[in-house]
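*Asks:* Pasting a structure below so you can have a look.
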Amino acid sequence: MSEKTAIVAKLAVIGAGLIGSSVVRAARHYGAAENIALADADEDVLARAQALSLADTYSVSAAQAVADADLIILAVPVGAMASAATAAAPGMKAGAIVSDVGSVKSSVLKTVGPLLPEAVNFIPGHPVAGTEQSGPEAGFASLFDGRWCILTPPEGIDPKVLETLSAFWSRLGSTVDIMTADHHDLVLAITSHVPHLIAYNIVGTANDLETVTRSEVIKYSAGGFRDFTRIAASDPTMWRDVFLNNKEAVLEMLGRFNEDLTALQRAIRWGDGDALFELFTRTREIRRRIIDAGQDEAAVDFGRPHDE
């Protein structure tokens, strides 16, 4: 554990899934909070988290968990943010910082903000990190290392409050960026939401094919399909809520994607090799830049281990 001074005296996390349990683990590992409270409405999930000794205190009551908390993080699916905020609000102290980890920000800002006491400081957030796994057992302290955390503060927020929340995520290993909620949703629509939608769709299409057996799909998945299945294995509740709450940005990006897909179909149909080569060259460069930015590694086969 880090010997640095804690960022907050008490941290309360509502939701003990992958992200919530990772926040708790990282906060303890890096010494970001002196005391950590964890809440989850599901008694079984909470019991599993307690068996892992993730926090200092545990409660099915969100209001009880957030009592005296300096920082409260809502780590539940976007569709459950309103109910979690409503449950936690009565226990929030004046001056507390409230944030979240959802990958949609405009809807959270609009729906959650009005449910919170006026005396708290609400700054929506999104740690751009995760895996296809879920549950308290899936979390790990290094999940946020070298990853971005985007904060979308509303107008008029106290700069010192924003500085504290930024310092918290920085302590957990993230690089913090600030942008408006609307811009965040547009950026994430193309970098995360639409790719997930495509993955869900192509895996579903393969499953529905009558001319290719399911055993063949699984047997030959190393041809690229396998990597779509990793994305398509993500938490269905979370991603259902993402698409329902970021529909405008997702539909806008899907429209652009469909236009580009039509152009690609035309190039293949008419044997336009130059157009295909130019596109594939540009996309290869994007991959190189992602690796150079430290957002992935250049190891063969996405770093998967192989027997010698």
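Letters for chains follow the order of the structure tokens (A, B, ...), residue numbers begin at 1 for each chain, and ligand numbers begin at 1 in the order shown.
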Can you pull out every residue within 9 Å of Glu43 in chain A, counting only C-alpha atoms, but drop anything in the same chain fewer than 5 positions away, and send it as a tab-separated table (two decimals) with C-alpha atoms, in the first residue's frame?
*Replies:*
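Result file follows (out28.tsv):
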```tsv
chain	number	residue	atom	x	y	z
A	48	ARG	CA	-19.02	-12.23	-2.06
A	59	SER	CA	-24.09	-2.50	3.64
A	60	VAL	CA	-27.11	-3.23	1.46
```
*Asks:* If you run DSSP on this backbone, which residues of range 35-202 of chain A come out as strand (DSSP E), and could you give them as JSON, numbers by chain?
*Replies:* {"A": [35, 36, 37, 38, 39, 57, 58, 59, 71, 72, 73, 74, 97, 98, 99, 100, 121, 122, 125, 126, 127, 148, 149, 150, 151, 175, 176, 177, 178]}
*Asks:* Can you check which parts of range 176-242 of chain A lie within 10 Å of range 248-265 of chain A? Per residue, the shortest pair of atoms and distance in Å to one decimal, counting only C-alpha atoms, sorted by chain and number, as a Markdown table.
*Replies:*
```
| residue | atom | partner | partner_atom | distance |
| --- | --- | --- | --- | --- |
| A:Asp182 | CA | A:Ala249 | CA | 8.7 |
| A:His183 | CA | A:Ala249 | CA | 9.4 |
| A:His184 | CA | A:Ala249 | CA | 9.8 |
| A:Asp185 | CA | A:Ala249 | CA | 6.5 |
| A:Leu186 | CA | A:Ala249 | CA | 5.3 |
| A:Val187 | CA | A:Ala249 | CA | 8.6 |
| A:Leu188 | CA | A:Ala249 | CA | 8.7 |
| A:Ala189 | CA | A:Val250 | CA | 5.2 |
| A:Ile190 | CA | A:Met253 | CA | 6.2 |
| A:Thr191 | CA | A:Met253 | CA | 10.0 |
| A:Ser192 | CA | A:Val250 | CA | 9.9 |
| A:His193 | CA | A:Val250 | CA | 6.9 |
| A:Val194 | CA | A:Val250 | CA | 6.4 |
| A:Pro195 | CA | A:Leu254 | CA | 9.9 |
| A:Leu197 | CA | A:Val250 | CA | 9.3 |
| A:Ile198 | CA | A:Leu254 | CA | 9.5 |
| A:Val242 | CA | A:Val250 | CA | 9.5 |
```
*Asks:* Which is closest to Ala55 in chain A among A:Lys105, A:Gly125, A:Gly91, A:Pro136, if we use only C-alpha atoms?
*Replies:* A:Pro136
*Asks:* Which is closer to Ser22 in chain A than all the others in A:Pro159, A:Gly130, A:Pro114, A:Pro124, using only C-alpha atoms?
*Replies:*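 So, comparing all the options, the nearest one is A:Gly130.
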*Asks:* Please compute the CA of Ser83 in chain A-CA of Leu115 in chain A distance, one decimal, in Å.
*Replies:*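 These two atoms are separated by 9.3 Å.
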*Asks:* Give me the residues near Ala129 in chain A as a tab-separated table (two decimals) with C-alpha atoms, in the first residue's frame, where near means some atom within 10 Å (using only C-alpha atoms) and where sequence neighbours in that chain fewer than 5 positions away do not count.
*Replies:*
```tsv
chain	number	residue	atom	x	y	z
A	19	ILE	CA	-15.59	-1.40	-11.81
A	101	VAL	CA	-18.31	5.42	-13.61
A	103	SER	CA	-19.82	5.28	-20.05
A	143	LEU	CA	-7.41	-1.86	-13.86
A	144	PHE	CA	-7.01	1.92	-14.17
A	145	ASP	CA	-3.22	2.04	-14.53
A	146	GLY	CA	-2.29	4.03	-17.63
A	147	ARG	CA	-5.94	4.45	-18.64
A	148	TRP	CA	-7.94	7.60	-19.17
A	149	CYS	CA	-10.57	8.84	-16.77
A	174	SER	CA	-5.46	7.13	-14.46
```
*Asks:* Using Å and a single decimal, report how far CA of Gly102 in chain A sits from CA of Pro127 in chain A.
*Replies:*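 Here the two named atoms are 8.1 Å from each other.
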*Asks:* May I ask for the distance between CA of Thr283 in chain A and CA of Asn245 in chain A, given in Å to one decimal place?
*Replies:*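 CA of Thr283 in chain A sits 29.0 Å away from CA of Asn245 in chain A.
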